2 protein chains.
Amino acid sequence: VTIKAVVFDAYGTLYDIQSVAAVTEEAFPGYGEIVTQIWRLKQLEYTWLRTLMQRYKDFSGITRDSLTYALNCFGLRCKSPDAFERILAKYLDLDLYPDAIASLEAMKDKKLAILSNGSPDMLTALVRNSGLEGLLDAVISVDAKKVFKPSPEAYALIEETLRVPPHEVLFVSANSWDVSGAKAFGLNTVMIERGMTEGHGGFKDGMVRPRAMYAALRNRWDDLGVWRDHHVFALSELPALVAGQRS
Amino acid sequence: VTIKAVVFDAYGTLYDIQSVAAVTEEAFPGYGEIVTQIWRLKQLEYTWLRTLMQRYKDFSGITRDSLTYALNCFGLRCKSPDAFERILAKYLDLDLYPDAIASLEAMKDKKLAILSNGSPDMLTALVRNSGLEGLLDAVISVDAKKVFKPSPEAYALIEETLRVPPHEVLFVSANSWDVSGAKAFGLNTVMIERGMTEGHGGFKDGMVRPRAMYAALRNRWDDLGVWRDHHVFALSELPALVAGQRS
């Protein structure tokens, strides 16, 4: 079977979520790094917990709730309501990884799409602001199902939207749990490994850099009972992988 | 309605999960604290992710997988297979919070039970080793449903086991997400707040104590769209709360 569609996770895969750290640091000097890490960790937790509890709230709302949580940890919220909105706005204008556009262009003989937890309004702004509009056949939000990844229903949206069956789809994510969810559903999968070694270097004298703690928690492979089909270290490796891909 | 049953979460609520840190430190000097925190964070993640993916594995297996992950972060696993088993064994013999037994004894006119993610073998050992056997009417494991909390099916086990309807049950947990899950299901809830302020003190010069990062992530209230009915700071406050409780 030949791969007919390549589908990307957005946050952390095409877009560098760590690019919010600078805006956060500017708004709350000394706290940019730790707030960014707690924010992202809670954001993911809330998607999982609300799906399990059957209390869906869209990703835009969850992104607000988790930023509120992260700022509250350090008593930062009330000091600056403007800063709160400025940080959130950055989530609609994240930096693409530098090899994203060239990699997508090199695969344009395939159907290309995003499948993301992001709500439709967030994804529309993100794709437009980053200039990906013309390169994608579809931008799919889990919001249509009111569940978040790694629920099987979320991955089912790919076939429902693109009309390509799971075994002809290659799903790309830098989030290990997302790769596992996609694989458990029956998609072909690629894990992008970024910064796996950071956890080690940032630990010293019983203290850890928040970013290193985040990397230790998020940038390693999680054994959830399924295994990725491929792994690469950058988006730029994908075109060759896809060109040679038959299974 | 009067409360007829008081049901407790086990890990972190009746039992101090931080009590594994000493054993971990003894086995891996310098890494006890960070390994303990990453272990617990991943253990929870794996329960949520596997439930969402519909790839249940019992809590005993998840506890192994998450400890493996935490040790791998620092290249520690291969150095000592004995140490691995020694740390896991501590999970069957955790310290009770000092006020646990007196609090349970003071409420023995109610049905008392545990509802835990723990697998039946783990809970049997834990309850026996800590001398709680005679004080509990039931030790309920989510394993009967092959899902983890906060899935509604997990909380449904209380009525199925104790024959007390949700509105006559008081559910007690120190895990905010667990309180939210119980409340979303329809139980009366108490949140036990422990060490909420730790996150603040352990952050200095851009570095954080792993335990403070854990506290920042886990010991604060999460806004998941429902609200706890009560909150206390220790188990010892429960008997008075239950005695006065009518709704």
# chains A, B, ... in the order shown; residues from 1 in each chain; ligands from 1
>>> interface_residues(of="chain B", to="chain A", cutoff="6 Å", atoms="only C-alpha atoms", output="PyMOL selection string")
chain B and resi 52-53+150-151+181+207-209
>>> write_last_selection(atoms="all heavy atoms", output="PDB file, in the first residue's frame")
ATOM      1  N   LEU B  52      -7.992   6.561  27.535  1.00  0.00           N
ATOM      2  CA  LEU B  52      -8.446   7.235  26.307  1.00  0.00           C
ATOM      3  C   LEU B  52      -8.184   6.389  25.068  1.00  0.00           C
ATOM      4  O   LEU B  52      -9.001   6.342  24.152  1.00  0.00           O
ATOM      5  CB  LEU B  52      -7.741   8.587  26.158  1.00  0.00           C
ATOM      6  CG  LEU B  52      -8.173   9.672  27.141  1.00  0.00           C
ATOM      7  CD1 LEU B  52      -7.211  10.855  27.092  1.00  0.00           C
ATOM      8  CD2 LEU B  52      -9.596  10.147  26.823  1.00  0.00           C
ATOM      9  N   MET B  53      -7.031   5.731  25.030  1.00  0.00           N
ATOM     10  CA  MET B  53      -6.657   4.897  23.875  1.00  0.00           C
ATOM     11  C   MET B  53      -7.367   3.548  23.868  1.00  0.00           C
ATOM     12  O   MET B  53      -7.202   2.779  22.937  1.00  0.00           O
ATOM     13  CB  MET B  53      -5.145   4.630  23.895  1.00  0.00           C
ATOM     14  CG  MET B  53      -4.267   5.813  23.584  1.00  0.00           C
ATOM     15  SD  MET B  53      -2.523   5.455  24.030  1.00  0.00           S
ATOM     16  CE  MET B  53      -2.171   4.048  22.958  1.00  0.00           C
ATOM     17  N   PRO B 150     -10.406   9.686  35.905  1.00  0.00           N
ATOM     18  CA  PRO B 150     -11.769  10.090  36.297  1.00  0.00           C
ATOM     19  C   PRO B 150     -12.889   9.620  35.350  1.00  0.00           C
ATOM     20  O   PRO B 150     -13.854  10.358  35.163  1.00  0.00           O
ATOM     21  CB  PRO B 150     -11.659  11.612  36.281  1.00  0.00           C
ATOM     22  CG  PRO B 150     -10.735  11.891  35.133  1.00  0.00           C
ATOM     23  CD  PRO B 150      -9.753  10.751  35.112  1.00  0.00           C
ATOM     24  N   SER B 151     -12.795   8.430  34.787  1.00  0.00           N
ATOM     25  CA  SER B 151     -13.911   7.912  33.986  1.00  0.00           C
ATOM     26  C   SER B 151     -15.139   7.695  34.866  1.00  0.00           C
ATOM     27  O   SER B 151     -15.023   7.129  35.950  1.00  0.00           O
ATOM     28  CB  SER B 151     -13.563   6.546  33.386  1.00  0.00           C
ATOM     29  OG  SER B 151     -12.593   6.682  32.408  1.00  0.00           O
ATOM     30  N   GLY B 181     -13.618  14.597  38.945  1.00  0.00           N
ATOM     31  CA  GLY B 181     -14.244  13.445  38.295  1.00  0.00           C
ATOM     32  C   GLY B 181     -15.399  12.898  39.117  1.00  0.00           C
ATOM     33  O   GLY B 181     -16.469  12.561  38.592  1.00  0.00           O
ATOM     34  N   MET B 207      15.928  27.931  38.508  1.00  0.00           N
ATOM     35  CA  MET B 207      15.933  26.487  38.757  1.00  0.00           C
ATOM     36  C   MET B 207      14.831  26.160  39.763  1.00  0.00           C
ATOM     37  O   MET B 207      14.466  26.983  40.595  1.00  0.00           O
ATOM     38  CB  MET B 207      17.280  26.023  39.329  1.00  0.00           C
ATOM     39  CG  MET B 207      18.481  26.362  38.471  1.00  0.00           C
ATOM     40  SD  MET B 207      18.732  25.227  37.066  1.00  0.00           S
ATOM     41  CE  MET B 207      19.537  23.831  37.887  1.00  0.00           C
ATOM     42  N   VAL B 208      14.321  24.925  39.690  1.00  0.00           N
ATOM     43  CA  VAL B 208      13.240  24.538  40.578  1.00  0.00           C
ATOM     44  C   VAL B 208      13.560  23.185  41.213  1.00  0.00           C
ATOM     45  O   VAL B 208      14.224  22.346  40.606  1.00  0.00           O
ATOM     46  CB  VAL B 208      11.895  24.501  39.791  1.00  0.00           C
ATOM     47  CG1 VAL B 208      11.881  23.399  38.738  1.00  0.00           C
ATOM     48  CG2 VAL B 208      10.691  24.402  40.697  1.00  0.00           C
ATOM     49  N   ARG B 209      13.120  23.020  42.466  1.00  0.00           N
ATOM     50  CA  ARG B 209      13.251  21.687  43.076  1.00  0.00           C
ATOM     51  C   ARG B 209      12.208  20.796  42.404  1.00  0.00           C
ATOM     52  O   ARG B 209      11.048  21.198  42.285  1.00  0.00           O
ATOM     53  CB  ARG B 209      12.982  21.743  44.578  1.00  0.00           C
ATOM     54  CG  ARG B 209      14.169  22.241  45.388  1.00  0.00           C
ATOM     55  CD  ARG B 209      13.929  22.028  46.891  1.00  0.00           C
ATOM     56  NE  ARG B 209      13.828  20.615  47.201  1.00  0.00           N
ATOM     57  CZ  ARG B 209      14.822  19.885  47.699  1.00  0.00           C
ATOM     58  NH1 ARG B 209      15.980  20.437  47.967  1.00  0.00           N
ATOM     59  NH2 ARG B 209      14.652  18.606  47.961  1.00  0.00           N
TER      60      ARG B 209
END
>>> select_by_dssp(residues="stretch 45-229 of chain B", states="helix (DSSP H, G or I)", output="ChimeraX atom specification")
/B:45-53,59-72,81-90,100-105,120-129,133-135,142-144,152-162,166-168,176-185,198-201,210-218
>>> select_by_dssp(residues="stretch 131-170 of chain B", states="strand (DSSP E or B)", output="VMD selection string")
chain B and resid 138 to 141 169 to 170
>>> write_last_selection(atoms="N, CA, C and O atoms", output="PDB file, in the first residue's frame")
ATOM      1  N   ALA B 138     -15.115  -2.079  52.239  1.00  0.00           N
ATOM      2  CA  ALA B 138     -14.767  -2.543  50.891  1.00  0.00           C
ATOM      3  C   ALA B 138     -13.505  -1.849  50.400  1.00  0.00           C
ATOM      4  O   ALA B 138     -13.232  -0.704  50.754  1.00  0.00           O
ATOM      5  N   VAL B 139     -12.729  -2.568  49.615  1.00  0.00           N
ATOM      6  CA  VAL B 139     -11.583  -2.002  48.911  1.00  0.00           C
ATOM      7  C   VAL B 139     -11.865  -2.217  47.431  1.00  0.00           C
ATOM      8  O   VAL B 139     -11.826  -3.336  46.931  1.00  0.00           O
ATOM      9  N   ILE B 140     -12.238  -1.121  46.761  1.00  0.00           N
ATOM     10  CA  ILE B 140     -12.735  -1.212  45.389  1.00  0.00           C
ATOM     11  C   ILE B 140     -11.645  -0.789  44.410  1.00  0.00           C
ATOM     12  O   ILE B 140     -11.099   0.309  44.526  1.00  0.00           O
ATOM     13  N   SER B 141     -11.339  -1.652  43.473  1.00  0.00           N
ATOM     14  CA  SER B 141     -10.358  -1.338  42.434  1.00  0.00           C
ATOM     15  C   SER B 141     -11.064  -1.070  41.109  1.00  0.00           C
ATOM     16  O   SER B 141     -11.988  -1.800  40.728  1.00  0.00           O
ATOM     17  N   VAL B 169     -23.124   9.454  49.183  1.00  0.00           N
ATOM     18  CA  VAL B 169     -21.703   9.115  49.327  1.00  0.00           C
ATOM     19  C   VAL B 169     -20.892  10.399  49.435  1.00  0.00           C
ATOM     20  O   VAL B 169     -21.125  11.357  48.698  1.00  0.00           O
ATOM     21  N   LEU B 170     -19.928  10.406  50.363  1.00  0.00           N
ATOM     22  CA  LEU B 170     -18.937  11.483  50.400  1.00  0.00           C
ATOM     23  C   LEU B 170     -17.621  10.906  49.906  1.00  0.00           C
ATOM     24  O   LEU B 170     -17.098   9.944  50.467  1.00  0.00           O
TER      25      LEU B 170
END
>>> atom_distance(atom1="atom CA of B:Leu71", atom2="atom CA of B:Tyr11")
20.8 Å
>>> residues_around(residues="A:Ser236", least_positions_apart="4", cutoff="9 Å", atoms="only C-alpha atoms", output="PyMOL selection string")
chain A and resi 99-100+102-104+232+240
>>> write_last_selection(atoms="all heavy atoms", output="PDB file, in the first residue's frame")
ATOM      1  N   ASP A  99      12.062  24.028   9.089  1.00  0.00           N
ATOM      2  CA  ASP A  99      12.014  23.130   7.926  1.00  0.00           C
ATOM      3  C   ASP A  99      10.581  22.749   7.528  1.00  0.00           C
ATOM      4  O   ASP A  99      10.389  21.908   6.639  1.00  0.00           O
ATOM      5  CB  ASP A  99      12.850  21.868   8.188  1.00  0.00           C
ATOM      6  CG  ASP A  99      12.525  21.198   9.524  1.00  0.00           C
ATOM      7  OD1 ASP A  99      11.742  21.783  10.326  1.00  0.00           O
ATOM      8  OD2 ASP A  99      13.040  20.100   9.787  1.00  0.00           O
ATOM      9  N   ALA A 100       9.575  23.366   8.150  1.00  0.00           N
ATOM     10  CA  ALA A 100       8.190  22.938   7.915  1.00  0.00           C
ATOM     11  C   ALA A 100       7.733  23.201   6.473  1.00  0.00           C
ATOM     12  O   ALA A 100       7.243  22.287   5.796  1.00  0.00           O
ATOM     13  CB  ALA A 100       7.254  23.633   8.905  1.00  0.00           C
ATOM     14  N   ALA A 102       9.353  23.908   3.564  1.00  0.00           N
ATOM     15  CA  ALA A 102      10.058  23.155   2.521  1.00  0.00           C
ATOM     16  C   ALA A 102       9.650  21.682   2.536  1.00  0.00           C
ATOM     17  O   ALA A 102       9.491  21.052   1.489  1.00  0.00           O
ATOM     18  CB  ALA A 102      11.570  23.292   2.712  1.00  0.00           C
ATOM     19  N   SER A 103       9.454  21.130   3.726  1.00  0.00           N
ATOM     20  CA  SER A 103       9.082  19.718   3.829  1.00  0.00           C
ATOM     21  C   SER A 103       7.692  19.478   3.262  1.00  0.00           C
ATOM     22  O   SER A 103       7.466  18.496   2.539  1.00  0.00           O
ATOM     23  CB  SER A 103       9.133  19.254   5.288  1.00  0.00           C
ATOM     24  OG  SER A 103      10.406  19.519   5.830  1.00  0.00           O
ATOM     25  N   LEU A 104       6.758  20.359   3.579  1.00  0.00           N
ATOM     26  CA  LEU A 104       5.400  20.217   3.046  1.00  0.00           C
ATOM     27  C   LEU A 104       5.414  20.354   1.523  1.00  0.00           C
ATOM     28  O   LEU A 104       4.781  19.575   0.809  1.00  0.00           O
ATOM     29  CB  LEU A 104       4.468  21.271   3.665  1.00  0.00           C
ATOM     30  CG  LEU A 104       4.110  21.061   5.140  1.00  0.00           C
ATOM     31  CD1 LEU A 104       3.390  22.296   5.692  1.00  0.00           C
ATOM     32  CD2 LEU A 104       3.222  19.833   5.320  1.00  0.00           C
ATOM     33  N   VAL A 232      12.104  10.007  13.220  1.00  0.00           N
ATOM     34  CA  VAL A 232      13.044  10.921  12.560  1.00  0.00           C
ATOM     35  C   VAL A 232      13.375  12.023  13.566  1.00  0.00           C
ATOM     36  O   VAL A 232      12.757  12.104  14.631  1.00  0.00           O
ATOM     37  CB  VAL A 232      12.416  11.546  11.281  1.00  0.00           C
ATOM     38  CG1 VAL A 232      12.050  10.471  10.258  1.00  0.00           C
ATOM     39  CG2 VAL A 232      11.184  12.397  11.618  1.00  0.00           C
ATOM     40  N   ALA A 240      11.826  12.124   2.000  1.00  0.00           N
ATOM     41  CA  ALA A 240      12.514  10.908   1.580  1.00  0.00           C
ATOM     42  C   ALA A 240      11.844   9.673   2.159  1.00  0.00           C
ATOM     43  O   ALA A 240      11.684   8.646   1.479  1.00  0.00           O
ATOM     44  CB  ALA A 240      13.986  10.971   2.033  1.00  0.00           C
TER      45      ALA A 240
END
>>> residues_around(residues="stretch 87-97 of chain A", least_positions_apart="4", cutoff="6 Å", atoms="only C-alpha atoms", output="list in words")
Leu14, Tyr15, Asp16, Met122, Ala125, Leu126 and Asn129 of chain A
>>> write_last_selection(atoms="N, CA and C atoms", output="PDB file, in the first residue's frame")
ATOM      1  N   LEU A  14       4.480  20.845  13.904  1.00  0.00           N
ATOM      2  CA  LEU A  14       4.772  21.865  12.884  1.00  0.00           C
ATOM      3  C   LEU A  14       5.151  23.184  13.553  1.00  0.00           C
ATOM      4  N   TYR A  15       4.528  23.461  14.696  1.00  0.00           N
ATOM      5  CA  TYR A  15       4.695  24.752  15.374  1.00  0.00           C
ATOM      6  C   TYR A  15       5.447  24.574  16.687  1.00  0.00           C
ATOM      7  N   ASP A  16       6.368  25.478  16.928  1.00  0.00           N
ATOM      8  CA  ASP A  16       7.195  25.418  18.135  1.00  0.00           C
ATOM      9  C   ASP A  16       6.464  26.089  19.301  1.00  0.00           C
ATOM     10  N   MET A 122      -8.680  28.871  16.511  1.00  0.00           N
ATOM     11  CA  MET A 122      -7.232  28.918  16.753  1.00  0.00           C
ATOM     12  C   MET A 122      -6.460  28.429  15.533  1.00  0.00           C
ATOM     13  N   ALA A 125      -6.478  30.877  12.482  1.00  0.00           N
ATOM     14  CA  ALA A 125      -5.544  31.988  12.685  1.00  0.00           C
ATOM     15  C   ALA A 125      -4.093  31.514  12.556  1.00  0.00           C
ATOM     16  N   LEU A 126      -3.793  30.385  13.150  1.00  0.00           N
ATOM     17  CA  LEU A 126      -2.422  29.857  13.154  1.00  0.00           C
ATOM     18  C   LEU A 126      -1.948  29.553  11.733  1.00  0.00           C
ATOM     19  N   ASN A 129      -1.624  32.902   9.764  1.00  0.00           N
ATOM     20  CA  ASN A 129      -0.481  33.704  10.211  1.00  0.00           C
ATOM     21  C   ASN A 129       0.862  33.107   9.799  1.00  0.00           C
TER      22      ASN A 129
END
>>> residues_around(residues="B:Leu187", least_positions_apart="6", cutoff="10 Å", atoms="only C-alpha atoms", output="list in words")
Val7, Tyr155, Ala156, Ile158, Pro165, Pro166, His167, Glu168, Val169, Leu170, Phe171, Val172, Val179, Ser180, Gly181, Arg228 and Asp229 of chain B
>>> atom_distance(atom1="atom CA of A:Asp58", atom2="atom CA of A:Glu25")
26.1 Å
>>> residues_around(residues="A:Ser173", least_positions_apart="6", cutoff="7 Å", atoms="only C-alpha atoms", output="NGL selection string")
:A and (8-9 or 13 or 179 or 190-192)
>>> residues_around(residues="B:Ala27", least_positions_apart="3", cutoff="7 Å", atoms="only C-alpha atoms", output="PyMOL selection string")
chain B and resi 23-24+83
>>> decode(residues="stretch 23-147 of chain B", atoms="C-alpha atoms", output="PDB file, in the first residue's frame")
ATOM      1  CA  VAL B  23      13.909   4.274  49.089  1.00  0.00           C
ATOM      2  CA  THR B  24      14.580   5.757  45.661  1.00  0.00           C
ATOM      3  CA  GLU B  25      17.276   8.051  47.031  1.00  0.00           C
ATOM      4  CA  GLU B  26      18.938   5.139  48.810  1.00  0.00           C
ATOM      5  CA  ALA B  27      18.998   3.146  45.558  1.00  0.00           C
ATOM      6  CA  PHE B  28      20.067   6.065  43.344  1.00  0.00           C
ATOM      7  CA  PRO B  29      21.833   8.715  45.438  1.00  0.00           C
ATOM      8  CA  GLY B  30      21.172  12.217  44.166  1.00  0.00           C
ATOM      9  CA  TYR B  31      18.202  11.127  42.042  1.00  0.00           C
ATOM     10  CA  GLY B  32      15.623  10.090  44.630  1.00  0.00           C
ATOM     11  CA  GLU B  33      13.581  13.243  44.476  1.00  0.00           C
ATOM     12  CA  ILE B  34      13.490  13.814  40.727  1.00  0.00           C
ATOM     13  CA  VAL B  35      12.868  10.148  39.911  1.00  0.00           C
ATOM     14  CA  THR B  36       9.995  10.024  42.416  1.00  0.00           C
ATOM     15  CA  GLN B  37       8.317  13.085  40.899  1.00  0.00           C
ATOM     16  CA  ILE B  38       8.684  12.021  37.257  1.00  0.00           C
ATOM     17  CA  TRP B  39       7.537   8.513  38.184  1.00  0.00           C
ATOM     18  CA  ARG B  40       4.332   9.739  39.775  1.00  0.00           C
ATOM     19  CA  LEU B  41       3.576  12.268  37.019  1.00  0.00           C
ATOM     20  CA  LYS B  42       4.020   9.620  34.310  1.00  0.00           C
ATOM     21  CA  GLN B  43       2.078   7.025  36.302  1.00  0.00           C
ATOM     22  CA  LEU B  44      -0.972   9.305  36.259  1.00  0.00           C
ATOM     23  CA  GLU B  45      -0.482  10.251  32.601  1.00  0.00           C
ATOM     24  CA  TYR B  46      -0.361   6.592  31.621  1.00  0.00           C
ATOM     25  CA  THR B  47      -3.636   5.842  33.414  1.00  0.00           C
ATOM     26  CA  TRP B  48      -5.338   8.679  31.524  1.00  0.00           C
ATOM     27  CA  LEU B  49      -3.760   7.977  28.145  1.00  0.00           C
ATOM     28  CA  ARG B  50      -4.370   4.224  28.209  1.00  0.00           C
ATOM     29  CA  THR B  51      -8.001   4.765  29.187  1.00  0.00           C
ATOM     30  CA  LEU B  52      -8.446   7.235  26.307  1.00  0.00           C
ATOM     31  CA  MET B  53      -6.657   4.897  23.875  1.00  0.00           C
ATOM     32  CA  GLN B  54      -8.722   1.959  25.113  1.00  0.00           C
ATOM     33  CA  ARG B  55      -5.501   0.081  25.911  1.00  0.00           C
ATOM     34  CA  TYR B  56      -5.988  -0.683  29.590  1.00  0.00           C
ATOM     35  CA  LYS B  57      -3.107  -2.166  31.540  1.00  0.00           C
ATOM     36  CA  ASP B  58      -3.440  -2.673  35.281  1.00  0.00           C
ATOM     37  CA  PHE B  59      -1.935  -0.177  37.733  1.00  0.00           C
ATOM     38  CA  SER B  60       0.756  -2.625  38.754  1.00  0.00           C
ATOM     39  CA  GLY B  61       2.001  -2.734  35.143  1.00  0.00           C
ATOM     40  CA  ILE B  62       1.648   1.031  34.743  1.00  0.00           C
ATOM     41  CA  THR B  63       3.614   1.592  37.941  1.00  0.00           C
ATOM     42  CA  ARG B  64       6.444  -0.519  36.466  1.00  0.00           C
ATOM     43  CA  ASP B  65       6.313   1.220  33.078  1.00  0.00           C
ATOM     44  CA  SER B  66       6.405   4.679  34.619  1.00  0.00           C
ATOM     45  CA  LEU B  67       9.282   3.818  36.969  1.00  0.00           C
ATOM     46  CA  THR B  68      11.196   2.453  33.973  1.00  0.00           C
ATOM     47  CA  TYR B  69      10.538   5.724  32.168  1.00  0.00           C
ATOM     48  CA  ALA B  70      11.702   7.838  35.120  1.00  0.00           C
ATOM     49  CA  LEU B  71      14.929   5.867  35.581  1.00  0.00           C
ATOM     50  CA  ASN B  72      15.646   5.908  31.813  1.00  0.00           C
ATOM     51  CA  CYS B  73      15.576   9.713  31.892  1.00  0.00           C
ATOM     52  CA  PHE B  74      18.824   9.563  33.833  1.00  0.00           C
ATOM     53  CA  GLY B  75      20.294   6.355  32.420  1.00  0.00           C
ATOM     54  CA  LEU B  76      19.775   4.650  35.779  1.00  0.00           C
ATOM     55  CA  ARG B  77      17.923   1.498  34.923  1.00  0.00           C
ATOM     56  CA  CYS B  78      20.594  -1.002  34.019  1.00  0.00           C
ATOM     57  CA  LYS B  79      22.816  -0.196  36.961  1.00  0.00           C
ATOM     58  CA  SER B  80      20.696  -2.066  39.466  1.00  0.00           C
ATOM     59  CA  PRO B  81      17.824  -4.468  38.696  1.00  0.00           C
ATOM     60  CA  ASP B  82      17.503  -5.262  42.420  1.00  0.00           C
ATOM     61  CA  ALA B  83      16.955  -1.603  43.225  1.00  0.00           C
ATOM     62  CA  PHE B  84      14.106  -1.513  40.694  1.00  0.00           C
ATOM     63  CA  GLU B  85      12.246  -4.255  42.547  1.00  0.00           C
ATOM     64  CA  ARG B  86      13.024  -2.710  45.928  1.00  0.00           C
ATOM     65  CA  ILE B  87      11.499   0.615  44.923  1.00  0.00           C
ATOM     66  CA  LEU B  88       8.406  -1.067  43.490  1.00  0.00           C
ATOM     67  CA  ALA B  89       7.996  -3.096  46.681  1.00  0.00           C
ATOM     68  CA  LYS B  90       7.730   0.159  48.652  1.00  0.00           C
ATOM     69  CA  TYR B  91       4.544   0.921  46.702  1.00  0.00           C
ATOM     70  CA  LEU B  92       2.925  -2.032  48.516  1.00  0.00           C
ATOM     71  CA  ASP B  93       3.976  -0.658  51.889  1.00  0.00           C
ATOM     72  CA  LEU B  94       3.441   3.088  51.738  1.00  0.00           C
ATOM     73  CA  ASP B  95       3.147   5.158  54.888  1.00  0.00           C
ATOM     74  CA  LEU B  96      -0.364   6.100  55.970  1.00  0.00           C
ATOM     75  CA  TYR B  97      -0.852   9.769  56.735  1.00  0.00           C
ATOM     76  CA  PRO B  98      -0.535   9.930  60.532  1.00  0.00           C
ATOM     77  CA  ASP B  99      -4.173  10.945  61.092  1.00  0.00           C
ATOM     78  CA  ALA B 100      -5.656   8.241  58.819  1.00  0.00           C
ATOM     79  CA  ILE B 101      -6.484   5.513  61.347  1.00  0.00           C
ATOM     80  CA  ALA B 102      -7.979   7.771  64.015  1.00  0.00           C
ATOM     81  CA  SER B 103     -10.095   9.525  61.380  1.00  0.00           C
ATOM     82  CA  LEU B 104     -11.467   6.278  59.982  1.00  0.00           C
ATOM     83  CA  GLU B 105     -12.207   4.976  63.496  1.00  0.00           C
ATOM     84  CA  ALA B 106     -14.141   8.145  64.297  1.00  0.00           C
ATOM     85  CA  MET B 107     -16.444   7.552  61.309  1.00  0.00           C
ATOM     86  CA  LYS B 108     -17.159   3.861  61.729  1.00  0.00           C
ATOM     87  CA  ASP B 109     -20.917   4.427  61.976  1.00  0.00           C
ATOM     88  CA  LYS B 110     -20.681   5.053  58.193  1.00  0.00           C
ATOM     89  CA  LYS B 111     -19.775   2.580  55.492  1.00  0.00           C
ATOM     90  CA  LEU B 112     -16.095   3.165  54.765  1.00  0.00           C
ATOM     91  CA  ALA B 113     -14.296   2.162  51.593  1.00  0.00           C
ATOM     92  CA  ILE B 114     -11.385   2.834  49.258  1.00  0.00           C
ATOM     93  CA  LEU B 115     -11.923   3.461  45.539  1.00  0.00           C
ATOM     94  CA  SER B 116      -8.526   3.335  43.880  1.00  0.00           C
ATOM     95  CA  ASN B 117      -6.762   3.040  40.543  1.00  0.00           C
ATOM     96  CA  GLY B 118      -4.571   0.407  42.221  1.00  0.00           C
ATOM     97  CA  SER B 119      -4.875  -3.162  41.017  1.00  0.00           C
ATOM     98  CA  PRO B 120      -6.439  -5.648  43.451  1.00  0.00           C
ATOM     99  CA  ASP B 121      -3.088  -7.287  44.314  1.00  0.00           C
ATOM    100  CA  MET B 122      -1.520  -3.905  45.137  1.00  0.00           C
ATOM    101  CA  LEU B 123      -4.457  -2.753  47.241  1.00  0.00           C
ATOM    102  CA  THR B 124      -4.711  -6.015  49.166  1.00  0.00           C
ATOM    103  CA  ALA B 125      -1.035  -5.775  50.130  1.00  0.00           C
ATOM    104  CA  LEU B 126      -1.251  -2.068  50.927  1.00  0.00           C
ATOM    105  CA  VAL B 127      -4.302  -2.370  53.169  1.00  0.00           C
ATOM    106  CA  ARG B 128      -2.904  -5.390  54.985  1.00  0.00           C
ATOM    107  CA  ASN B 129       0.565  -3.877  55.491  1.00  0.00           C
ATOM    108  CA  SER B 130      -0.909  -0.685  56.913  1.00  0.00           C
ATOM    109  CA  GLY B 131      -3.411  -2.330  59.263  1.00  0.00           C
ATOM    110  CA  LEU B 132      -6.531  -0.857  57.654  1.00  0.00           C
ATOM    111  CA  GLU B 133      -8.147  -4.243  57.016  1.00  0.00           C
ATOM    112  CA  GLY B 134     -10.630  -4.230  59.871  1.00  0.00           C
ATOM    113  CA  LEU B 135     -11.667  -0.607  59.315  1.00  0.00           C
ATOM    114  CA  LEU B 136     -12.971  -0.827  55.745  1.00  0.00           C
ATOM    115  CA  ASP B 137     -16.221  -2.263  54.391  1.00  0.00           C
ATOM    116  CA  ALA B 138     -14.767  -2.543  50.891  1.00  0.00           C
ATOM    117  CA  VAL B 139     -11.583  -2.002  48.911  1.00  0.00           C
ATOM    118  CA  ILE B 140     -12.735  -1.212  45.389  1.00  0.00           C
ATOM    119  CA  SER B 141     -10.358  -1.338  42.434  1.00  0.00           C
ATOM    120  CA  VAL B 142     -11.160   0.259  39.076  1.00  0.00           C
ATOM    121  CA  ASP B 143      -9.691  -2.901  37.565  1.00  0.00           C
ATOM    122  CA  ALA B 144     -13.203  -4.396  37.561  1.00  0.00           C
ATOM    123  CA  LYS B 145     -14.086  -1.945  34.758  1.00  0.00           C
ATOM    124  CA  LYS B 146     -10.702  -1.778  32.980  1.00  0.00           C
ATOM    125  CA  VAL B 147     -10.724   2.023  33.031  1.00  0.00           C
TER     126      VAL B 147
END
